[in-house]
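Enquirer: Just one file: query-v2.tsv, with TSV, N, CA and C atoms.
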```tsv
chain	number	residue	atom	x	y	z
R	1	VAL	N	111.63	104.00	154.69
R	1	VAL	CA	111.19	105.31	155.14
R	1	VAL	C	112.29	105.95	155.98
R	2	GLN	N	112.59	107.19	155.65
R	2	GLN	CA	113.55	107.95	156.45
R	2	GLN	C	112.76	109.01	157.22
R	3	LEU	N	113.05	109.11	158.50
R	3	LEU	CA	112.36	110.07	159.36
R	3	LEU	C	113.37	111.10	159.85
R	4	GLN	N	113.04	112.36	159.62
R	4	GLN	CA	113.92	113.46	160.03
R	4	GLN	C	113.19	114.29	161.06
R	5	ALA	N	113.68	114.24	162.28
R	5	ALA	CA	113.05	114.99	163.37
R	5	ALA	C	113.75	116.30	163.61
R	6	SER	N	112.99	117.26	164.11
R	6	SER	CA	113.55	118.55	164.46
R	6	SER	C	112.78	119.10	165.66
R	7	GLY	N	113.36	120.10	166.26
R	7	GLY	CA	112.76	120.68	167.45
R	7	GLY	C	113.49	120.21	168.68
R	8	GLY	N	112.86	120.33	169.81
R	8	GLY	CA	113.51	119.96	171.06
R	8	GLY	C	114.34	121.11	171.59
R	9	GLY	N	115.01	120.86	172.69
R	9	GLY	CA	115.83	121.89	173.31
R	9	GLY	C	115.64	121.91	174.80
R	10	VAL	N	115.98	123.04	175.39
R	10	VAL	CA	115.90	123.21	176.84
R	10	VAL	C	114.83	124.26	177.15
R	11	VAL	N	113.98	123.94	178.10
R	11	VAL	CA	112.90	124.86	178.47
R	11	VAL	C	112.65	124.74	179.97
R	12	GLN	N	112.15	125.79	180.55
R	12	GLN	CA	111.80	125.75	181.97
R	12	GLN	C	110.45	125.07	182.16
R	13	ALA	N	110.25	124.53	183.34
R	13	ALA	CA	108.98	123.89	183.66
R	13	ALA	C	107.83	124.86	183.41
R	14	GLY	N	106.78	124.34	182.80
R	14	GLY	CA	105.64	125.17	182.44
R	14	GLY	C	105.71	125.73	181.03
R	15	GLY	N	106.86	125.59	180.40
R	15	GLY	CA	107.06	126.10	179.06
R	15	GLY	C	106.55	125.16	177.99
R	16	SER	N	106.81	125.54	176.74
R	16	SER	CA	106.33	124.77	175.58
R	16	SER	C	107.45	124.52	174.59
R	17	LEU	N	107.31	123.44	173.87
R	17	LEU	CA	108.20	123.10	172.77
R	17	LEU	C	107.39	122.40	171.70
R	18	LYS	N	107.89	122.45	170.47
R	18	LYS	CA	107.24	121.74	169.37
R	18	LYS	C	108.25	120.87	168.66
R	19	LEU	N	107.89	119.62	168.48
R	19	LEU	CA	108.71	118.68	167.72
R	19	LEU	C	108.05	118.45	166.37
R	20	SER	N	108.87	118.31	165.35
R	20	SER	CA	108.38	118.03	164.01
R	20	SER	C	109.16	116.86	163.43
R	21	CYS	N	108.49	116.12	162.56
R	21	CYS	CA	109.13	114.97	161.93
R	21	CYS	C	108.61	114.85	160.50
R	22	ALA	N	109.52	114.71	159.56
R	22	ALA	CA	109.15	114.55	158.16
R	22	ALA	C	109.58	113.18	157.68
R	23	ALA	N	108.68	112.50	157.00
R	23	ALA	CA	108.95	111.18	156.46
R	23	ALA	C	109.20	111.27	154.96
R	24	SER	N	110.16	110.50	154.50
R	24	SER	CA	110.44	110.44	153.06
R	24	SER	C	110.69	108.99	152.68
R	25	GLY	N	110.52	108.70	151.41
R	25	GLY	CA	110.70	107.33	150.94
R	25	GLY	C	109.43	106.80	150.35
R	26	SER	N	109.52	105.62	149.76
R	26	SER	CA	108.39	105.08	149.01
R	26	SER	C	107.53	104.11	149.81
R	27	THR	N	107.98	103.71	150.98
R	27	THR	CA	107.21	102.76	151.78
R	27	THR	C	105.96	103.43	152.32
R	28	VAL	N	104.84	102.71	152.23
R	28	VAL	CA	103.58	103.26	152.71
R	28	VAL	C	103.51	103.16	154.23
R	29	ILE	N	103.13	104.25	154.86
R	29	ILE	CA	102.90	104.27	156.31
R	29	ILE	C	101.54	104.89	156.56
R	30	ASN	N	100.89	104.51	157.64
R	30	ASN	CA	99.62	105.13	157.97
R	30	ASN	C	99.50	105.51	159.43
R	31	VAL	N	100.58	105.34	160.17
R	31	VAL	CA	100.62	105.79	161.56
R	31	VAL	C	101.97	106.46	161.80
R	32	MET	N	101.92	107.63	162.41
R	32	MET	CA	103.14	108.31	162.82
R	32	MET	C	102.98	108.74	164.27
R	33	GLY	N	104.10	108.87	164.95
R	33	GLY	CA	104.01	109.27	166.34
R	33	GLY	C	105.36	109.50	166.97
R	34	TRP	N	105.34	109.55	168.29
R	34	TRP	CA	106.54	109.84	169.07
R	34	TRP	C	106.66	108.89	170.25
R	35	TYR	N	107.89	108.48	170.49
R	35	TYR	CA	108.27	107.75	171.69
R	35	TYR	C	109.30	108.60	172.42
R	36	ARG	N	109.54	108.25	173.65
R	36	ARG	CA	110.60	108.94	174.39
R	36	ARG	C	111.31	107.97	175.33
R	37	GLN	N	112.55	108.31	175.63
R	37	GLN	CA	113.33	107.50	176.55
R	37	GLN	C	114.05	108.43	177.51
R	38	GLY	N	113.62	108.40	178.76
R	38	GLY	CA	114.23	109.21	179.79
R	38	GLY	C	115.46	108.54	180.36
R	39	PRO	N	116.21	109.26	181.17
R	39	PRO	CA	117.42	108.69	181.78
R	39	PRO	C	117.10	107.42	182.55
R	40	SER	N	117.81	106.37	182.25
R	40	SER	CA	117.65	105.08	182.93
R	40	SER	C	116.24	104.52	182.82
R	41	LYS	N	115.54	104.85	181.76
R	41	LYS	CA	114.18	104.35	181.55
R	41	LYS	C	114.08	103.64	180.21
R	42	LEU	N	113.04	102.83	180.07
R	42	LEU	CA	112.78	102.19	178.81
R	42	LEU	C	112.09	103.18	177.86
R	43	ARG	N	112.22	102.91	176.58
R	43	ARG	CA	111.52	103.74	175.61
R	43	ARG	C	110.02	103.52	175.75
R	44	GLU	N	109.26	104.60	175.74
R	44	GLU	CA	107.82	104.50	175.94
R	44	GLU	C	107.08	105.33	174.90
R	45	PRO	N	105.88	104.90	174.53
R	45	PRO	CA	105.10	105.67	173.58
R	45	PRO	C	104.57	106.95	174.21
R	46	VAL	N	104.52	108.00	173.43
R	46	VAL	CA	104.02	109.29	173.90
R	46	VAL	C	102.69	109.62	173.23
R	47	ALA	N	102.69	109.59	171.92
R	47	ALA	CA	101.48	109.90	171.17
R	47	ALA	C	101.61	109.34	169.76
R	48	SER	N	100.46	109.03	169.16
R	48	SER	CA	100.47	108.57	167.78
R	48	SER	C	99.21	109.07	167.09
R	49	ILE	N	99.25	109.09	165.77
R	49	ILE	CA	98.10	109.55	165.01
R	49	ILE	C	98.06	108.82	163.68
R	50	THR	N	96.86	108.42	163.28
R	50	THR	CA	96.69	107.72	162.02
R	50	THR	C	96.48	108.73	160.88
R	51	ASN	N	96.52	108.23	159.67
R	51	ASN	CA	96.28	109.09	158.51
R	51	ASN	C	94.88	109.70	158.56
R	52	SER	N	93.95	109.00	159.19
R	52	SER	CA	92.59	109.52	159.29
R	52	SER	C	92.41	110.47	160.45
R	53	GLY	N	93.46	110.67	161.24
R	53	GLY	CA	93.41	111.66	162.31
R	53	GLY	C	93.10	111.12	163.69
R	54	THR	N	93.03	109.82	163.84
R	54	THR	CA	92.78	109.26	165.17
R	54	THR	C	94.06	109.33	166.00
R	55	ALA	N	93.98	110.01	167.12
R	55	ALA	CA	95.15	110.24	167.96
R	55	ALA	C	95.05	109.45	169.26
R	56	ARG	N	96.20	109.04	169.75
R	56	ARG	CA	96.29	108.37	171.04
R	56	ARG	C	97.41	109.03	171.83
R	57	TYR	N	97.22	109.09	173.15
R	57	TYR	CA	98.19	109.73	174.01
R	57	TYR	C	98.48	108.85	175.22
R	58	ALA	N	99.71	108.93	175.70
R	58	ALA	CA	100.02	108.33	176.99
R	58	ALA	C	99.28	109.12	178.06
R	59	ASP	N	98.86	108.44	179.11
R	59	ASP	CA	98.12	109.12	180.17
R	59	ASP	C	98.91	110.30	180.75
R	60	SER	N	100.20	110.16	180.80
R	60	SER	CA	101.04	111.18	181.42
R	60	SER	C	101.09	112.50	180.64
R	61	VAL	N	100.67	112.47	179.38
R	61	VAL	CA	100.76	113.69	178.57
R	61	VAL	C	99.39	114.20	178.12
R	62	LYS	N	98.34	113.44	178.41
R	62	LYS	CA	97.00	113.87	178.01
R	62	LYS	C	96.67	115.24	178.56
R	63	GLY	N	96.14	116.09	177.69
R	63	GLY	CA	95.78	117.44	178.11
R	63	GLY	C	96.91	118.43	178.01
R	64	ARG	N	98.12	117.94	177.80
R	64	ARG	CA	99.28	118.84	177.70
R	64	ARG	C	99.93	118.79	176.32
R	65	PHE	N	99.92	117.62	175.70
R	65	PHE	CA	100.55	117.45	174.39
R	65	PHE	C	99.47	117.28	173.33
R	66	THR	N	99.75	117.79	172.14
R	66	THR	CA	98.84	117.62	171.01
R	66	THR	C	99.63	117.17	169.79
R	67	ILE	N	99.18	116.08	169.20
R	67	ILE	CA	99.83	115.56	168.01
R	67	ILE	C	98.99	115.92	166.79
R	68	SER	N	99.65	116.26	165.71
R	68	SER	CA	98.95	116.60	164.47
R	68	SER	C	99.70	116.01	163.29
R	69	ARG	N	98.97	115.85	162.19
R	69	ARG	CA	99.53	115.14	161.04
R	69	ARG	C	99.15	115.87	159.77
R	70	ASP	N	100.11	115.98	158.86
R	70	ASP	CA	99.84	116.48	157.52
R	70	ASP	C	100.14	115.33	156.57
R	71	VAL	N	99.10	114.65	156.14
R	71	VAL	CA	99.29	113.46	155.32
R	71	VAL	C	99.92	113.81	153.98
R	72	ALA	N	99.51	114.91	153.39
R	72	ALA	CA	100.04	115.31	152.09
R	72	ALA	C	101.54	115.58	152.16
R	73	GLU	N	101.96	116.20	153.24
R	73	GLU	CA	103.38	116.52	153.41
R	73	GLU	C	104.13	115.40	154.11
R	74	ASN	N	103.41	114.42	154.60
R	74	ASN	CA	104.00	113.30	155.33
R	74	ASN	C	104.79	113.77	156.55
R	75	THR	N	104.18	114.64	157.32
R	75	THR	CA	104.82	115.16	158.51
R	75	THR	C	103.93	114.94	159.73
R	76	VAL	N	104.57	114.94	160.88
R	76	VAL	CA	103.84	114.86	162.15
R	76	VAL	C	104.48	115.84	163.11
R	77	ASN	N	103.63	116.51	163.88
R	77	ASN	CA	104.10	117.48	164.86
R	77	ASN	C	103.61	117.10	166.25
R	78	LEU	N	104.39	117.47	167.23
R	78	LEU	CA	103.99	117.25	168.62
R	78	LEU	C	104.15	118.58	169.36
R	79	GLN	N	103.04	119.19	169.68
R	79	GLN	CA	103.06	120.42	170.47
R	79	GLN	C	103.01	120.04	171.94
R	80	MET	N	104.03	120.45	172.67
R	80	MET	CA	104.15	120.07	174.08
R	80	MET	C	104.02	121.32	174.94
R	81	ASN	N	102.98	121.37	175.71
R	81	ASN	CA	102.72	122.51	176.61
R	81	ASN	C	102.80	122.05	178.06
R	82	SER	N	102.90	123.02	178.95
R	82	SER	CA	102.97	122.73	180.39
R	82	SER	C	103.99	121.65	180.69
R	83	LEU	N	105.15	121.82	180.12
R	83	LEU	CA	106.19	120.79	180.28
R	83	LEU	C	106.64	120.68	181.72
R	84	GLU	N	106.97	119.44	182.09
R	84	GLU	CA	107.40	119.12	183.43
R	84	GLU	C	108.78	118.48	183.38
R	85	PRO	N	109.54	118.56	184.46
R	85	PRO	CA	110.86	117.90	184.47
R	85	PRO	C	110.77	116.41	184.11
R	86	ALA	N	109.67	115.78	184.44
R	86	ALA	CA	109.51	114.36	184.12
R	86	ALA	C	109.40	114.12	182.62
R	87	ASP	N	109.19	115.17	181.83
R	87	ASP	CA	109.13	115.03	180.38
R	87	ASP	C	110.52	115.01	179.75
R	88	THR	N	111.54	115.26	180.55
R	88	THR	CA	112.90	115.25	180.05
R	88	THR	C	113.24	113.88	179.49
R	89	ALA	N	113.64	113.84	178.23
R	89	ALA	CA	113.92	112.56	177.57
R	89	ALA	C	114.45	112.84	176.17
R	90	VAL	N	114.94	111.78	175.55
R	90	VAL	CA	115.20	111.82	174.12
R	90	VAL	C	113.92	111.37	173.42
R	91	TYR	N	113.43	112.17	172.52
R	91	TYR	CA	112.19	111.89	171.81
R	91	TYR	C	112.51	111.35	170.42
R	92	TYR	N	111.82	110.27	170.06
R	92	TYR	CA	112.05	109.60	168.79
R	92	TYR	C	110.78	109.62	167.94
R	93	CYS	N	110.93	110.03	166.70
R	93	CYS	CA	109.82	109.94	165.75
R	93	CYS	C	109.67	108.48	165.31
R	94	ASN	N	108.43	108.07	165.13
R	94	ASN	CA	108.14	106.67	164.79
R	94	ASN	C	107.09	106.62	163.69
R	95	ALA	N	107.19	105.63	162.83
R	95	ALA	CA	106.18	105.45	161.78
R	95	ALA	C	106.07	103.98	161.44
R	96	TYR	N	104.87	103.57	161.04
R	96	TYR	CA	104.68	102.18	160.62
R	96	TYR	C	103.38	102.08	159.82
R	97	TYR	N	103.22	100.92	159.22
R	97	TYR	CA	102.00	100.64	158.48
R	97	TYR	C	101.18	99.65	159.30
R	98	SER	N	99.96	100.04	159.59
R	98	SER	CA	99.07	99.20	160.39
R	98	SER	C	97.96	98.64	159.51
R	99	ALA	N	97.88	97.33	159.48
R	99	ALA	CA	96.78	96.68	158.75
R	99	ALA	C	96.60	95.28	159.29
R	100	TYR	N	95.39	94.78	159.16
R	100	TYR	CA	95.09	93.44	159.65
R	100	TYR	C	95.97	92.42	158.94
R	101	ASP	N	96.57	91.57	159.72
R	101	ASP	CA	97.35	90.46	159.18
R	101	ASP	C	98.61	90.90	158.46
R	102	VAL	N	99.07	92.11	158.75
R	102	VAL	CA	100.34	92.59	158.19
R	102	VAL	C	101.30	92.80	159.34
R	103	PRO	N	102.43	92.11	159.33
R	103	PRO	CA	103.40	92.30	160.42
R	103	PRO	C	103.83	93.76	160.50
R	104	ARG	N	103.90	94.23	161.73
R	104	ARG	CA	104.30	95.62	161.92
R	104	ARG	C	105.80	95.75	161.81
R	105	TYR	N	106.23	96.77	161.08
R	105	TYR	CA	107.66	97.10	161.00
R	105	TYR	C	107.79	98.58	161.34
R	106	ASP	N	108.56	98.89	162.35
R	106	ASP	CA	108.70	100.26	162.80
R	106	ASP	C	109.90	100.96	162.15
R	107	PHE	N	109.68	102.18	161.76
R	107	PHE	CA	110.75	103.05	161.30
R	107	PHE	C	111.00	104.08	162.39
R	108	TRP	N	112.27	104.44	162.56
R	108	TRP	CA	112.65	105.36	163.63
R	108	TRP	C	113.49	106.50	163.09
R	109	GLY	N	113.24	107.67	163.64
R	109	GLY	CA	114.09	108.80	163.34
R	109	GLY	C	115.20	108.91	164.37
R	110	GLN	N	116.10	109.84	164.14
R	110	GLN	CA	117.13	110.07	165.14
R	110	GLN	C	116.49	110.76	166.34
R	111	GLY	N	116.97	110.56	167.47
R	111	GLY	CA	116.40	111.16	168.68
R	111	GLY	C	116.69	112.64	168.77
R	112	THR	N	115.80	113.34	169.43
R	112	THR	CA	116.01	114.76	169.71
R	112	THR	C	115.80	114.98	171.20
R	113	GLN	N	116.72	115.68	171.81
R	113	GLN	CA	116.71	115.84	173.26
R	113	GLN	C	115.75	116.94	173.69
R	114	VAL	N	114.94	116.62	174.68
R	114	VAL	CA	114.08	117.61	175.34
R	114	VAL	C	114.47	117.64	176.81
R	115	THR	N	114.85	118.79	177.28
R	115	THR	CA	115.24	118.94	178.68
R	115	THR	C	114.37	120.02	179.33
R	116	VAL	N	113.72	119.64	180.41
R	116	VAL	CA	112.85	120.58	181.14
R	116	VAL	C	113.47	120.83	182.51
R	117	SER	N	113.83	122.06	182.75
R	117	SER	CA	114.46	122.40	184.02
R	117	SER	C	113.41	122.87	185.02
R	118	SER	N	113.66	122.58	186.27
R	118	SER	CA	112.69	122.96	187.32
R	118	SER	C	112.98	124.34	187.88
```
Go through the file and emit its structure as structure tokens.

Expert:
Amino acid sequence: VQLQASGGGVVQAGGSLKLSCAASGSTVINVMGWYRQGPSKLREPVASITNSGTARYADSVKGRFTISRDVAENTVNLQMNSLEPADTAVYYCNAYYSAYDVPRYDFWGQGTQVTVSS
């Protein structure tokens, strides 16, 4: 699976940005989402969504970020509102196949920088 991310940029605190990611390839995936890695921080999960539409969010972004999925187009979007300087990070698109008794293998897109100025 190849993941192509787009979006990101520089925005003032309180502003909004939208990230998009398109998956291509023949490998079956049923979960897509986003991770981020801030300066001097470990990579952390931000949000994920299954093919059936079940979404999960990190506590730090609940109520501000919304993840959506187009299964037919194999894309995932992350609408980020009320951005804070703490959201500044490189954001990575992620995808994998989740099933009982199937080892998880993660696919990663190239990172896209999000910078929130105060």

Enquirer: Quick one: of R:Leu19, R:Gly63, R:Gln4, R:Tyr57, who's nearest to Ser82 in chain R, counting only N, CA and C atoms?

Expert: R:Gly63

Enquirer: May I have the residues within 6.5 Å of Ile29 in chain R as a PyMOL selection string, using only N, CA and C atoms and disregarding those fewer than 6 positions away in the same chain?

Expert: chain R and resi 95-98

Enquirer: Near Val76 in chain R, within 9 Å and counting only C-alpha atoms, which residues show up once chain neighbours fewer than 4 positions away are dropped, as JSON, numbers by chain?

Expert: {"R": [19, 20, 21, 22, 23, 32, 33, 34, 49, 67, 68, 69, 70, 71, 93]}

Enquirer: Could you write those residues out with N, CA and C atoms, as a PDB file, keeping the file's coordinate frame?

Expert:
```
ATOM      1  N   LEU R  19     107.890 119.620 168.480  1.00  0.00           N
ATOM      2  CA  LEU R  19     108.710 118.680 167.720  1.00  0.00           C
ATOM      3  C   LEU R  19     108.050 118.450 166.370  1.00  0.00           C
ATOM      4  N   SER R  20     108.870 118.310 165.350  1.00  0.00           N
ATOM      5  CA  SER R  20     108.380 118.030 164.010  1.00  0.00           C
ATOM      6  C   SER R  20     109.160 116.860 163.430  1.00  0.00           C
ATOM      7  N   CYS R  21     108.490 116.120 162.560  1.00  0.00           N
ATOM      8  CA  CYS R  21     109.130 114.970 161.930  1.00  0.00           C
ATOM      9  C   CYS R  21     108.610 114.850 160.500  1.00  0.00           C
ATOM     10  N   ALA R  22     109.520 114.710 159.560  1.00  0.00           N
ATOM     11  CA  ALA R  22     109.150 114.550 158.160  1.00  0.00           C
ATOM     12  C   ALA R  22     109.580 113.180 157.680  1.00  0.00           C
ATOM     13  N   ALA R  23     108.680 112.500 157.000  1.00  0.00           N
ATOM     14  CA  ALA R  23     108.950 111.180 156.460  1.00  0.00           C
ATOM     15  C   ALA R  23     109.200 111.270 154.960  1.00  0.00           C
ATOM     16  N   MET R  32     101.920 107.630 162.410  1.00  0.00           N
ATOM     17  CA  MET R  32     103.140 108.310 162.820  1.00  0.00           C
ATOM     18  C   MET R  32     102.980 108.740 164.270  1.00  0.00           C
ATOM     19  N   GLY R  33     104.100 108.870 164.950  1.00  0.00           N
ATOM     20  CA  GLY R  33     104.010 109.270 166.340  1.00  0.00           C
ATOM     21  C   GLY R  33     105.360 109.500 166.970  1.00  0.00           C
ATOM     22  N   TRP R  34     105.340 109.550 168.290  1.00  0.00           N
ATOM     23  CA  TRP R  34     106.540 109.840 169.070  1.00  0.00           C
ATOM     24  C   TRP R  34     106.660 108.890 170.250  1.00  0.00           C
ATOM     25  N   ILE R  49      99.250 109.090 165.770  1.00  0.00           N
ATOM     26  CA  ILE R  49      98.100 109.550 165.010  1.00  0.00           C
ATOM     27  C   ILE R  49      98.060 108.820 163.680  1.00  0.00           C
ATOM     28  N   ILE R  67      99.180 116.080 169.200  1.00  0.00           N
ATOM     29  CA  ILE R  67      99.830 115.560 168.010  1.00  0.00           C
ATOM     30  C   ILE R  67      98.990 115.920 166.790  1.00  0.00           C
ATOM     31  N   SER R  68      99.650 116.260 165.710  1.00  0.00           N
ATOM     32  CA  SER R  68      98.950 116.600 164.470  1.00  0.00           C
ATOM     33  C   SER R  68      99.700 116.010 163.290  1.00  0.00           C
ATOM     34  N   ARG R  69      98.970 115.850 162.190  1.00  0.00           N
ATOM     35  CA  ARG R  69      99.530 115.140 161.040  1.00  0.00           C
ATOM     36  C   ARG R  69      99.150 115.870 159.770  1.00  0.00           C
ATOM     37  N   ASP R  70     100.110 115.980 158.860  1.00  0.00           N
ATOM     38  CA  ASP R  70      99.840 116.480 157.520  1.00  0.00           C
ATOM     39  C   ASP R  70     100.140 115.330 156.570  1.00  0.00           C
ATOM     40  N   VAL R  71      99.100 114.650 156.140  1.00  0.00           N
ATOM     41  CA  VAL R  71      99.290 113.460 155.320  1.00  0.00           C
ATOM     42  C   VAL R  71      99.920 113.810 153.980  1.00  0.00           C
ATOM     43  N   CYS R  93     110.930 110.030 166.700  1.00  0.00           N
ATOM     44  CA  CYS R  93     109.820 109.940 165.750  1.00  0.00           C
ATOM     45  C   CYS R  93     109.670 108.480 165.310  1.00  0.00           C
TER      46      CYS R  93
END
```

Enquirer: How far is it from CA of Gln110 in chain R to CA of Ser60 in chain R, in Å with one decimal?

Expert: 22.9 Å

Enquirer: Please list as a ChimeraX atom specification every residue within 6.5 Å of Thr50 in chain R, counting only N, CA and C atoms and excluding residues in the same chain fewer than 5 positions away.

Expert: /R:30-32,55

Enquirer: How would the residues just chosen look if you wrote them out with N, CA and C atoms as a CSV table (one decimal), in the coordinates of the input?

Expert:
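So the final result, stored in part19.csv, reads:
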```
chain,number,residue,atom,x,y,z
R,30,ASN,N,100.9,104.5,157.6
R,30,ASN,CA,99.6,105.1,158.0
R,30,ASN,C,99.5,105.5,159.4
R,31,VAL,N,100.6,105.3,160.2
R,31,VAL,CA,100.6,105.8,161.6
R,31,VAL,C,102.0,106.5,161.8
R,32,MET,N,101.9,107.6,162.4
R,32,MET,CA,103.1,108.3,162.8
R,32,MET,C,103.0,108.7,164.3
R,55,ALA,N,94.0,110.0,167.1
R,55,ALA,CA,95.2,110.2,168.0
R,55,ALA,C,95.0,109.4,169.3
```

Enquirer: So the first atom is atom N of Thr75 in chain R and the second is atom N of Ser117 in chain R; what is the distance between them in Å, to one decimal place?

Expert: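 According to the coordinates, atom N of Thr75 in chain R and atom N of Ser117 in chain R are separated by 28.2 Å.
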
Enquirer: Around all of range 63-69 of chain R's listed atoms, make the axis-aligned box with 6 Å on each side and tell me centre and edge lengths in Å to one decimal, as AutoDock Vina command-line options.

Expert:
```
--center_x 98.2 --center_y 117.0 --center_z 168.9 --size_x 16.8 --size_y 15.7 --size_z 30.3
```

Enquirer: Please determine, counting only C-alpha atoms, which residue among R:Pro103, R:Pro85, R:Gly53, R:Pro39 has the shortest atom-to-atom distance to Ser118 in chain R.

Expert: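 Ranking R:Pro103, R:Pro85, R:Gly53, R:Pro39 by distance to Ser118 in chain R, first place goes to R:Pro85.
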
Enquirer: Using only N, CA and C atoms, can you tell me which of R:Ser24, R:Ala47, R:Asp106, R:Asp59 comes closest to Val1 in chain R?

Expert: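 The closest residue to Val1 in chain R is R:Ser24.
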
Enquirer: Could you check which of R:Ser16, R:Asn77, R:Thr27, R:Thr88 is closest to Gln113 in chain R, using only C-alpha atoms?

Expert: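 Of all the options, R:Thr88 lies closest to Gln113 in chain R.
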
Enquirer: Rounded to one decimal, what separation in Å do you get between CA of Trp108 in chain R and CA of Tyr91 in chain R?

Expert: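 Atom-to-atom, CA of Trp108 in chain R to CA of Tyr91 in chain R, that is 10.5 Å.
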
Enquirer: Just checking: using only N, CA and C atoms, which residue out of R:Tyr105, R:Val114, R:Ala89, R:Ala99 ends up closest to Gln37 in chain R?

Expert: R:Ala89

Enquirer: Give me every strand (DSSP E or B) residue in chain R, going by DSSP on the backbone, as JSON, numbers by chain.

Expert: {"R": [2, 3, 4, 5, 6, 7, 9, 10, 11, 12, 17, 18, 19, 20, 21, 22, 23, 24, 31, 32, 33, 34, 35, 36, 37, 44, 45, 46, 47, 48, 49, 50, 55, 56, 57, 65, 66, 67, 68, 69, 70, 75, 76, 77, 78, 79, 80, 89, 90, 91, 92, 93, 94, 95, 96, 107, 108, 112, 113, 114, 115, 116, 117]}

Enquirer: Which polymer residues have any atom within 6 Å of an atom of Arg36 in chain R, counting only N, CA and C atoms, with same-chain residues fewer than 5 positions away left out, as a list in words?

Expert: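 Result of the neighbour search: Leu42, Arg43, Glu44, Pro45, Val46, Ala89, Val90, Tyr91 and Tyr92 of chain R.
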
Enquirer: Using all atoms listed in the file, which protein or nucleic acid residues come within 6 Å of Arg64 in chain R? Drop anything in the same chain fewer than 2 positions from it, and give the result as a PyMOL selection string.

Expert: chain R and resi 61-62+66+79-82

Enquirer: Can you sort out range 29-34 of chain R so it carries all heavy atoms, written as a CSV table (one decimal), in the coordinates of the input?

Expert:
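Now in part_30.csv:
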```
chain,number,residue,atom,x,y,z
R,29,ILE,N,103.1,104.2,154.9
R,29,ILE,CA,102.9,104.3,156.3
R,29,ILE,C,101.5,104.9,156.6
R,29,ILE,O,101.1,105.7,155.8
R,29,ILE,CB,104.0,105.1,157.1
R,29,ILE,CG1,104.1,106.5,156.5
R,29,ILE,CG2,105.3,104.3,157.0
R,29,ILE,CD1,105.1,107.4,157.3
R,30,ASN,N,100.9,104.5,157.6
R,30,ASN,CA,99.6,105.1,158.0
R,30,ASN,C,99.5,105.5,159.4
R,30,ASN,O,98.4,105.9,159.9
R,30,ASN,CB,98.4,104.3,157.5
R,30,ASN,CG,98.5,102.9,158.2
R,30,ASN,OD1,99.3,102.6,159.0
R,30,ASN,ND2,97.6,102.0,157.8
R,31,VAL,N,100.6,105.3,160.2
R,31,VAL,CA,100.6,105.8,161.6
R,31,VAL,C,102.0,106.5,161.8
R,31,VAL,O,103.0,105.9,161.4
R,31,VAL,CB,100.5,104.6,162.6
R,31,VAL,CG1,100.4,105.2,164.0
R,31,VAL,CG2,99.2,103.8,162.3
R,32,MET,N,101.9,107.6,162.4
R,32,MET,CA,103.1,108.3,162.8
R,32,MET,C,103.0,108.7,164.3
R,32,MET,O,101.9,109.0,164.8
R,32,MET,CB,103.4,109.5,161.9
R,32,MET,CG,103.8,109.2,160.5
R,32,MET,SD,104.3,110.6,159.6
R,32,MET,CE,106.0,110.8,160.2
R,33,GLY,N,104.1,108.9,165.0
R,33,GLY,CA,104.0,109.3,166.3
R,33,GLY,C,105.4,109.5,167.0
R,33,GLY,O,106.4,109.6,166.3
R,34,TRP,N,105.3,109.6,168.3
R,34,TRP,CA,106.5,109.8,169.1
R,34,TRP,C,106.7,108.9,170.2
R,34,TRP,O,105.7,108.6,170.9
R,34,TRP,CB,106.5,111.3,169.6
R,34,TRP,CG,106.5,112.3,168.5
R,34,TRP,CD1,105.4,112.8,167.9
R,34,TRP,CD2,107.6,112.9,167.9
R,34,TRP,NE1,105.8,113.7,166.9
R,34,TRP,CE2,107.2,113.8,166.9
R,34,TRP,CE3,109.0,112.8,168.1
R,34,TRP,CZ2,108.1,114.5,166.1
R,34,TRP,CZ3,109.9,113.5,167.4
R,34,TRP,CH2,109.4,114.4,166.4
```
